[in-house]
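Here is structure_26.pdb, consisting of PDB, C-alpha atoms, pLDDT in the B column:
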ATOM      1  CA  PRO D   1     140.328  76.318 -30.941  1.00 43.00           C
ATOM      2  CA  ARG D   2     140.555  72.551 -31.313  1.00 44.00           C
ATOM      3  CA  VAL D   3     142.708  71.229 -34.127  1.00 45.00           C
ATOM      4  CA  VAL D   4     141.022  68.300 -35.899  1.00 45.00           C
ATOM      5  CA  ALA D   5     142.179  66.234 -38.878  1.00 43.00           C
ATOM      6  CA  ARG D   6     140.234  63.634 -40.863  1.00 44.00           C
ATOM      7  CA  ARG D   7     141.728  60.226 -41.415  1.00 42.00           C
ATOM      8  CA  PRO D   8     141.100  58.576 -44.769  1.00 42.00           C
ATOM      9  CA  GLU D   9     138.468  56.369 -43.147  1.00 43.00           C
ATOM     10  CA  GLY D  10     136.655  59.542 -41.950  1.00 39.00           C
ATOM     11  CA  ARG D  11     137.353  59.265 -38.221  1.00 40.00           C
ATOM     12  CA  ALA D  12     138.198  62.582 -36.480  1.00 42.00           C
ATOM     13  CA  VAL D  13     141.507  62.661 -34.669  1.00 47.00           C
ATOM     14  CA  GLY D  14     141.965  65.330 -32.019  1.00 56.00           C
ATOM     15  CA  LEU D  15     145.355  66.545 -30.893  1.00 57.00           C
ATOM     16  CA  ARG D  16     143.972  67.376 -27.462  1.00 59.00           C
ATOM     17  CA  ALA D  17     142.705  63.795 -27.000  1.00 61.00           C
ATOM     18  CA  ALA D  18     146.054  62.361 -28.092  1.00 56.00           C
ATOM     19  CA  LEU D  19     147.904  64.673 -25.694  1.00 57.00           C
ATOM     20  CA  GLN D  20     145.546  63.697 -22.888  1.00 56.00           C
ATOM     21  CA  ARG D  21     146.091  59.985 -23.534  1.00 57.00           C
ATOM     22  CA  PHE D  22     149.854  60.623 -23.627  1.00 56.00           C
ATOM     23  CA  GLY D  23     149.639  62.336 -20.231  1.00 56.00           C
ATOM     24  CA  GLU D  24     147.813  59.297 -18.828  1.00 54.00           C
ATOM     25  CA  GLY D  25     150.606  57.019 -20.042  1.00 50.00           C
ATOM     26  CA  GLY D  26     152.078  56.732 -16.545  1.00 46.00           C
ATOM     27  CA  GLU D  27     155.366  58.388 -17.306  1.00 45.00           C
ATOM     28  CA  GLY D  28     156.686  60.875 -14.833  1.00 45.00           C
ATOM     29  CA  GLU D  29     160.026  62.282 -13.840  1.00 41.00           C
ATOM     30  CA  GLY D  30     162.470  59.446 -13.329  1.00 40.00           C
ATOM     31  CA  ALA D  31     159.876  56.783 -14.209  1.00 42.00           C
ATOM     32  CA  VAL D  32     160.647  53.911 -16.551  1.00 44.00           C
ATOM     33  CA  ALA D  33     158.554  53.864 -19.743  1.00 47.00           C
ATOM     34  CA  THR D  34     155.713  51.388 -19.543  1.00 52.00           C
ATOM     35  CA  ASP D  35     154.040  49.664 -22.472  1.00 64.00           C
ATOM     36  CA  LYS D  36     150.993  51.898 -21.983  1.00 68.00           C
ATOM     37  CA  GLY D  37     153.205  55.030 -21.983  1.00 70.00           C
ATOM     38  CA  ALA D  38     155.114  53.902 -25.069  1.00 73.00           C
ATOM     39  CA  LEU D  39     151.832  53.288 -26.917  1.00 73.00           C
ATOM     40  CA  ALA D  40     150.513  56.718 -25.914  1.00 78.00           C
ATOM     41  CA  GLU D  41     153.752  58.346 -27.099  1.00 83.00           C
ATOM     42  CA  ALA D  42     153.619  56.513 -30.426  1.00 82.00           C
ATOM     43  CA  GLU D  43     149.980  57.556 -30.884  1.00 84.00           C
ATOM     44  CA  LEU D  44     150.855  61.175 -30.077  1.00 83.00           C
ATOM     45  CA  LYS D  45     153.717  61.196 -32.587  1.00 84.00           C
ATOM     46  CA  GLN D  46     151.435  59.719 -35.253  1.00 84.00           C
ATOM     47  CA  ARG D  47     148.737  62.329 -34.579  1.00 82.00           C
ATOM     48  CA  LEU D  48     151.309  65.151 -34.741  1.00 81.00           C
ATOM     49  CA  ARG D  49     152.636  63.840 -38.081  1.00 82.00           C
ATOM     50  CA  GLU D  50     149.060  63.785 -39.417  1.00 82.00           C
ATOM     51  CA  LEU D  51     148.307  67.302 -38.175  1.00 80.00           C
ATOM     52  CA  LEU D  52     151.563  68.935 -39.248  1.00 79.00           C
ATOM     53  CA  PRO D  53     150.384  69.809 -42.794  1.00 78.00           C
ATOM     54  CA  ILE D  54     147.151  71.318 -41.432  1.00 77.00           C
ATOM     55  CA  ILE D  55     148.931  73.340 -38.747  1.00 74.00           C
ATOM     56  CA  SER D  56     151.545  74.527 -41.274  1.00 72.00           C
ATOM     57  CA  ALA D  57     148.799  75.592 -43.700  1.00 70.00           C
ATOM     58  CA  ASP D  58     146.983  77.517 -40.949  1.00 68.00           C
ATOM     59  CA  MET D  59     150.194  79.257 -39.973  1.00 67.00           C
ATOM     60  CA  ALA D  60     150.888  80.187 -43.614  1.00 62.00           C
ATOM     61  CA  ASP D  61     147.375  81.691 -43.910  1.00 60.00           C
ATOM     62  CA  ASP D  62     147.979  83.840 -40.842  1.00 58.00           C
ATOM     63  CA  GLU D  63     151.400  84.985 -42.030  1.00 55.00           C
ATOM     64  CA  VAL D  64     151.668  88.616 -43.109  1.00 49.00           C
ATOM     65  CA  VAL D  65     154.107  89.342 -45.919  1.00 47.00           C
ATOM     66  CA  ASN D  66     155.104  92.887 -44.894  1.00 48.00           C
ATOM     67  CA  GLN D  67     153.518  94.048 -41.684  1.00 56.00           C
ATOM     68  CA  ASP D  68     155.408  97.352 -41.602  1.00 61.00           C
ATOM     69  CA  GLU D  69     154.410  98.536 -45.084  1.00 77.00           C
ATOM     70  CA  GLY D  70     153.500 102.205 -44.946  1.00 83.00           C
ATOM     71  CA  TRP D  71     154.160 102.739 -41.224  1.00 90.00           C
ATOM     72  CA  LEU D  72     156.265 105.805 -40.419  1.00 90.00           C
ATOM     73  CA  ASP D  73     158.465 106.399 -37.372  1.00 90.00           C
ATOM     74  CA  GLU D  74     158.350 110.181 -37.825  1.00 90.00           C
ATOM     75  CA  GLY D  75     156.330 112.867 -39.540  1.00 90.00           C
ATOM     76  CA  HIS D  76     153.530 113.207 -36.984  1.00 93.00           C
ATOM     77  CA  GLU D  77     153.579 115.255 -33.793  1.00 94.00           C
ATOM     78  CA  TRP D  78     152.135 112.363 -31.756  1.00 95.00           C
ATOM     79  CA  VAL D  79     154.982 109.912 -32.430  1.00 94.00           C
ATOM     80  CA  GLY D  80     156.911 109.519 -29.176  1.00 94.00           C
ATOM     81  CA  ARG D  81     154.097 110.888 -26.977  1.00 95.00           C
ATOM     82  CA  GLN D  82     152.823 109.061 -23.905  1.00 95.00           C
ATOM     83  CA  VAL D  83     149.241 107.786 -23.819  1.00 96.00           C
ATOM     84  CA  LEU D  84     146.929 106.301 -21.219  1.00 94.00           C
ATOM     85  CA  ARG D  85     144.427 103.657 -22.245  1.00 93.00           C
ATOM     86  CA  VAL D  86     141.520 102.826 -19.954  1.00 89.00           C
ATOM     87  CA  PHE D  87     140.031  99.321 -19.980  1.00 86.00           C
ATOM     88  CA  PRO D  88     137.205  99.291 -17.379  1.00 85.00           C
ATOM     89  CA  GLU D  89     136.632  95.499 -17.514  1.00 85.00           C
ATOM     90  CA  ALA D  90     140.312  94.546 -17.152  1.00 80.00           C
ATOM     91  CA  ALA D  91     142.032  93.543 -13.926  1.00 82.00           C
ATOM     92  CA  ASN D  92     144.424  96.466 -14.423  1.00 80.00           C
ATOM     93  CA  PRO D  93     142.078  99.110 -15.879  1.00 86.00           C
ATOM     94  CA  GLN D  94     144.768 101.633 -16.862  1.00 89.00           C
ATOM     95  CA  SER D  95     147.690 101.005 -19.194  1.00 91.00           C
ATOM     96  CA  LEU D  96     150.418 103.513 -19.987  1.00 93.00           C
ATOM     97  CA  GLY D  97     152.069 103.379 -23.389  1.00 94.00           C
ATOM     98  CA  LYS D  98     153.811 105.334 -26.105  1.00 95.00           C
ATOM     99  CA  ILE D  99     152.936 106.025 -29.730  1.00 95.00           C
ATOM    100  CA  THR D 100     155.877 104.556 -31.651  1.00 94.00           C
ATOM    101  CA  ARG D 101     154.750 104.940 -35.276  1.00 94.00           C
ATOM    102  CA  TRP D 102     151.818 105.920 -37.439  1.00 93.00           C
ATOM    103  CA  LEU D 103     150.171 104.944 -40.703  1.00 92.00           C
ATOM    104  CA  PRO D 104     148.951 107.909 -42.767  1.00 92.00           C
ATOM    105  CA  PRO D 105     145.348 107.873 -44.043  1.00 91.00           C
ATOM    106  CA  ASN D 106     144.717 105.891 -47.225  1.00 86.00           C
ATOM    107  CA  GLU D 107     142.697 108.022 -49.640  1.00 85.00           C
ATOM    108  CA  GLU D 108     142.057 105.083 -51.999  1.00 86.00           C
ATOM    109  CA  THR D 109     140.292 103.004 -49.338  1.00 84.00           C
ATOM    110  CA  SER D 110     139.069 105.953 -47.219  1.00 83.00           C
ATOM    111  CA  GLU D 111     140.798 104.504 -44.154  1.00 87.00           C
ATOM    112  CA  GLY D 112     141.882 107.022 -41.544  1.00 90.00           C
ATOM    113  CA  ALA D 113     145.280 107.297 -39.904  1.00 91.00           C
ATOM    114  CA  LEU D 114     146.361 104.612 -37.426  1.00 93.00           C
ATOM    115  CA  PHE D 115     148.727 105.030 -34.489  1.00 94.00           C
ATOM    116  CA  HIS D 116     150.755 102.097 -33.150  1.00 94.00           C
ATOM    117  CA  VAL D 117     150.971 102.101 -29.346  1.00 94.00           C
ATOM    118  CA  VAL D 118     153.361  99.945 -27.329  1.00 93.00           C
ATOM    119  CA  HIS D 119     152.218  99.606 -23.715  1.00 91.00           C
ATOM    120  CA  ASP D 120     154.553  99.451 -20.722  1.00 89.00           C
ATOM    121  CA  ASP D 121     153.531  95.820 -20.143  1.00 86.00           C
ATOM    122  CA  GLY D 122     154.740  94.872 -23.646  1.00 86.00           C
ATOM    123  CA  ASP D 123     151.347  94.682 -25.363  1.00 88.00           C
ATOM    124  CA  ALA D 124     150.810  96.671 -28.534  1.00 91.00           C
ATOM    125  CA  GLU D 125     147.770  97.924 -30.423  1.00 92.00           C
ATOM    126  CA  ASP D 126     146.823 100.157 -33.336  1.00 93.00           C
ATOM    127  CA  LEU D 127     144.530 103.077 -32.510  1.00 94.00           C
ATOM    128  CA  GLU D 128     142.331 105.035 -34.848  1.00 93.00           C
ATOM    129  CA  LEU D 129     142.490 108.833 -34.750  1.00 93.00           C
ATOM    130  CA  GLY D 130     139.684 109.252 -32.193  1.00 94.00           C
ATOM    131  CA  GLU D 131     141.059 106.546 -29.915  1.00 95.00           C
ATOM    132  CA  ALA D 132     144.537 108.083 -30.052  1.00 95.00           C
ATOM    133  CA  GLU D 133     143.149 111.535 -29.207  1.00 96.00           C
ATOM    134  CA  ALA D 134     141.254 110.088 -26.229  1.00 95.00           C
ATOM    135  CA  ALA D 135     144.374 108.244 -25.011  1.00 95.00           C
ATOM    136  CA  LEU D 136     146.497 111.401 -25.293  1.00 96.00           C
ATOM    137  CA  GLU D 137     143.875 113.431 -23.402  1.00 96.00           C
ATOM    138  CA  ALA D 138     143.607 110.740 -20.691  1.00 94.00           C
ATOM    139  CA  PHE D 139     147.377 110.912 -20.158  1.00 95.00           C
ATOM    140  CA  ALA D 140     147.319 114.738 -20.030  1.00 94.00           C
ATOM    141  CA  GLN D 141     144.462 114.612 -17.487  1.00 94.00           C
ATOM    142  CA  LYS D 142     146.406 112.109 -15.354  1.00 92.00           C
ATOM    143  CA  GLU D 143     149.415 114.471 -15.316  1.00 91.00           C
ATOM    144  CA  ARG D 144     147.206 117.456 -14.359  1.00 90.00           C
ATOM    145  CA  ASP D 145     145.615 115.443 -11.548  1.00 88.00           C
ATOM    146  CA  GLU D 146     149.032 114.430 -10.208  1.00 86.00           C
ATOM    147  CA  LEU D 147     150.197 118.074 -10.220  1.00 84.00           C
ATOM    148  CA  LEU D 148     147.108 119.210  -8.308  1.00 85.00           C
ATOM    149  CA  HIS D 149     147.069 116.252  -5.939  1.00 83.00           C
ATOM    150  CA  PRO D 150     150.570 114.791  -5.649  1.00 79.00           C
ATOM    151  CA  PRO D 151     150.725 111.340  -4.102  1.00 75.00           C
ATOM    152  CA  VAL D 152     151.507 111.357  -0.395  1.00 76.00           C
ATOM    153  CA  LEU D 153     154.328 109.047   0.535  1.00 76.00           C
ATOM    154  CA  ALA D 154     153.827 107.351   3.868  1.00 75.00           C
ATOM    155  CA  GLN D 155     156.698 107.900   6.295  1.00 74.00           C
ATOM    156  CA  PRO D 156     157.634 105.114   8.671  1.00 74.00           C
ATOM    157  CA  HIS D 157     156.979 105.795  12.333  1.00 73.00           C
ATOM    158  CA  TYR D 158     160.269 106.309  14.191  1.00 70.00           C
ATOM    159  CA  GLU D 159     160.696 104.955  17.663  1.00 69.00           C
ATOM    160  CA  ASN D 160     163.930 105.077  19.660  1.00 66.00           C
ATOM    161  CA  ARG D 161     164.400 101.464  20.679  1.00 72.00           C
ATOM    162  CA  LEU D 162     167.880 101.904  22.144  1.00 72.00           C
ATOM    163  CA  GLU D 163     166.477 103.453  25.305  1.00 66.00           C
ATOM    164  CA  ARG D 164     164.259 101.561  27.668  1.00 69.00           C
ATOM    165  CA  LYS D 165     160.613 102.321  27.071  1.00 67.00           C
ATOM    166  CA  ALA D 166     160.239 104.268  30.328  1.00 65.00           C
ATOM    167  CA  LEU D 167     163.179 106.533  29.432  1.00 67.00           C
ATOM    168  CA  ARG D 168     162.165 107.228  25.855  1.00 63.00           C
ATOM    169  CA  ILE D 169     161.260 110.815  25.104  1.00 65.00           C
ATOM    170  CA  LYS D 170     158.606 111.444  22.528  1.00 66.00           C
ATOM    171  CA  PRO D 171     158.658 114.648  20.443  1.00 61.00           C
ATOM    172  CA  SER D 172     155.333 115.703  21.959  1.00 62.00           C
ATOM    173  CA  ALA D 173     156.926 115.705  25.463  1.00 67.00           C
ATOM    174  CA  LEU D 174     159.811 118.006  24.511  1.00 67.00           C
ATOM    175  CA  GLY D 175     157.952 121.297  24.481  1.00 74.00           C
ATOM    176  CA  LEU D 176     159.286 124.376  22.734  1.00 78.00           C
ATOM    177  CA  ALA D 177     162.442 124.747  24.862  1.00 75.00           C
ATOM    178  CA  GLY D 178     163.298 121.060  24.537  1.00 75.00           C
ATOM    179  CA  ALA D 179     162.761 121.091  20.770  1.00 77.00           C
ATOM    180  CA  ARG D 180     165.000 124.201  20.522  1.00 81.00           C
ATOM    181  CA  ASP D 181     167.786 122.502  22.488  1.00 79.00           C
ATOM    182  CA  GLU D 182     167.520 119.346  20.396  1.00 79.00           C
ATOM    183  CA  LEU D 183     167.746 121.371  17.173  1.00 84.00           C
ATOM    184  CA  LEU D 184     170.782 123.308  18.457  1.00 84.00           C
ATOM    185  CA  ASP D 185     172.506 120.060  19.455  1.00 82.00           C
ATOM    186  CA  PHE D 186     171.725 118.646  16.026  1.00 84.00           C
ATOM    187  CA  GLU D 187     173.075 121.768  14.321  1.00 85.00           C
ATOM    188  CA  GLU D 188     176.365 121.450  16.258  1.00 84.00           C
ATOM    189  CA  TRP D 189     176.626 117.834  15.185  1.00 82.00           C
ATOM    190  CA  LEU D 190     176.245 118.707  11.468  1.00 85.00           C
ATOM    191  CA  PRO D 191     179.413 119.496   9.501  1.00 82.00           C
ATOM    192  CA  PRO D 192     179.780 123.144   8.540  1.00 78.00           C
ATOM    193  CA  LEU D 193     178.260 124.144   5.228  1.00 74.00           C
ATOM    194  CA  PRO D 194     180.683 125.371   2.560  1.00 75.00           C
ATOM    195  CA  GLY D 195     180.788 129.167   2.296  1.00 69.00           C
ATOM    196  CA  ARG D 196     179.642 129.753   5.888  1.00 59.00           C
TER
END
Produce structure tokens that represent the structure in this file.
Amino acid sequence: PRVVARRPEGRAVGLRAALQRFGEGGEGEGAVATDKGALAEAELKQRLRELLPIISADMADDEVVNQDEGWLDEGHEWVGRQVLRVFPEAANPQSLGKITRWLPPNEETSEGALFHVVHDDGDAEDLELGEAEAALEAFAQKERDELLHPPVLAQPHYENRLERKALRIKPSALGLAGARDELLDFEEWLPPLPGR
């Protein structure tokens, strides 16, 4: 949103325009202030002084006196549980989080319970009962899927580079007898296990 103030003579003064003119003032890192830059800076300071009461009033309107009123950190089985939120349009469509507190239903206003979720990326949101149930079920489904189909970790391909390429032996060339001998040699190399 663009912040605009009215001067007594009725002319609109935009902070964005003043900032843009200040940026065009020719001042850069290590540069000496020019007359044009000094004028742009003075204009910017004047505009900021004019807009300060408006910005302060807007900030006071947005201020919440007691944001935590009524929220409970305990008393519901879902507090502390992991959730998974799905945002199909987002760049990262899945977001893991945790329910950290809840607001019981308000019978006077007929508002249902709310559940405060803090996501792993630092974002937070308040979910209604149905949204919280869906997020809990999505997380449970993700865990079931991972149990049935655990992720496969790719193993790096090993190649013996100490030997010349012509002398390298590949596991497929060992055969059963060769593999047995290699395993026996390896077993001799290992330290003895305790209790054996």
Subject >> Best match for closeness to Leu103 (chain D) among D:His116, D:Arg81, D:Lys142, D:Arg49, counting only C-alpha atoms >> reply: D:His116
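The interatomic distance for the pair CA of His76 (chain D) and CA of Pro104 (chain D) works out to 9.1 Å.
We find CA of Val79 (chain D) and CA of Val117 (chain D) to be spaced 9.3 Å apart.
As for CA of Val152 (chain D) and CA of Gly122 (chain D), they are spaced 28.7 Å apart.
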Original post:
Can you tell me, as a count of residues only, what residues are no more than 10 Å from Pro105 (chain D) when counting all atoms listed in the file, ignoring any on the same chain fewer than 4 positions away?
Top reply: 8
Subject >> Contact residues around Ile99 (chain D) with all atoms listed in the file at 10 Å, ignoring same-chain residues under 6 positions, as a PyMOL selection string >> reply: chain D and resi 73+78-83+115-119+124-127+132+136
Keeping only C-alpha atoms, write the selected residues to a file as an mmCIF file, in the frame of the given file.
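Here's the written file part.cif:
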data_model
loop_
_atom_site.group_PDB
_atom_site.id
_atom_site.type_symbol
_atom_site.label_atom_id
_atom_site.label_comp_id
_atom_site.auth_asym_id
_atom_site.auth_seq_id
_atom_site.Cartn_x
_atom_site.Cartn_y
_atom_site.Cartn_z
ATOM 1 C CA ASP D 73 158.465 106.399 -37.372
ATOM 2 C CA TRP D 78 152.135 112.363 -31.756
ATOM 3 C CA VAL D 79 154.982 109.912 -32.430
ATOM 4 C CA GLY D 80 156.911 109.519 -29.176
ATOM 5 C CA ARG D 81 154.097 110.888 -26.977
ATOM 6 C CA GLN D 82 152.823 109.061 -23.905
ATOM 7 C CA VAL D 83 149.241 107.786 -23.819
ATOM 8 C CA PHE D 115 148.727 105.030 -34.489
ATOM 9 C CA HIS D 116 150.755 102.097 -33.150
ATOM 10 C CA VAL D 117 150.971 102.101 -29.346
ATOM 11 C CA VAL D 118 153.361 99.945 -27.329
ATOM 12 C CA HIS D 119 152.218 99.606 -23.715
ATOM 13 C CA ALA D 124 150.810 96.671 -28.534
ATOM 14 C CA GLU D 125 147.770 97.924 -30.423
ATOM 15 C CA ASP D 126 146.823 100.157 -33.336
ATOM 16 C CA LEU D 127 144.530 103.077 -32.510
ATOM 17 C CA ALA D 132 144.537 108.083 -30.052
ATOM 18 C CA LEU D 136 146.497 111.401 -25.293
#
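Within 8 Å of the point (145.7, 108.0, -19.0) in file coordinates, and counting only C-alpha atoms, lie the residues Val83, Leu84, Arg85, Val86, Gln94, Ser95, Leu96, Ala135, Leu136, Glu137, Ala138, Phe139, Ala140, Gln141 and Lys142 of chain D.
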Can I get the selection written as an mmCIF file, in the frame of the given file, with C-alpha atoms?
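Dumped to again20.cif:
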data_model
loop_
_atom_site.group_PDB
_atom_site.id
_atom_site.type_symbol
_atom_site.label_atom_id
_atom_site.label_comp_id
_atom_site.auth_asym_id
_atom_site.auth_seq_id
_atom_site.Cartn_x
_atom_site.Cartn_y
_atom_site.Cartn_z
ATOM 1 C CA VAL D 83 149.241 107.786 -23.819
ATOM 2 C CA LEU D 84 146.929 106.301 -21.219
ATOM 3 C CA ARG D 85 144.427 103.657 -22.245
ATOM 4 C CA VAL D 86 141.520 102.826 -19.954
ATOM 5 C CA GLN D 94 144.768 101.633 -16.862
ATOM 6 C CA SER D 95 147.690 101.005 -19.194
ATOM 7 C CA LEU D 96 150.418 103.513 -19.987
ATOM 8 C CA ALA D 135 144.374 108.244 -25.011
ATOM 9 C CA LEU D 136 146.497 111.401 -25.293
ATOM 10 C CA GLU D 137 143.875 113.431 -23.402
ATOM 11 C CA ALA D 138 143.607 110.740 -20.691
ATOM 12 C CA PHE D 139 147.377 110.912 -20.158
ATOM 13 C CA ALA D 140 147.319 114.738 -20.030
ATOM 14 C CA GLN D 141 144.462 114.612 -17.487
ATOM 15 C CA LYS D 142 146.406 112.109 -15.354
#
Padding of 4 Å on every side, edges along x, y and z, all listed atoms of region 66-85 of chain D included: what centre and edge lengths in Å, to one decimal, does that box have, as AutoDock Vina command-line options?
--center_x 151.4 --center_y 104.1 --center_z -33.2 --size_x 22.0 --size_y 30.4 --size_z 31.9
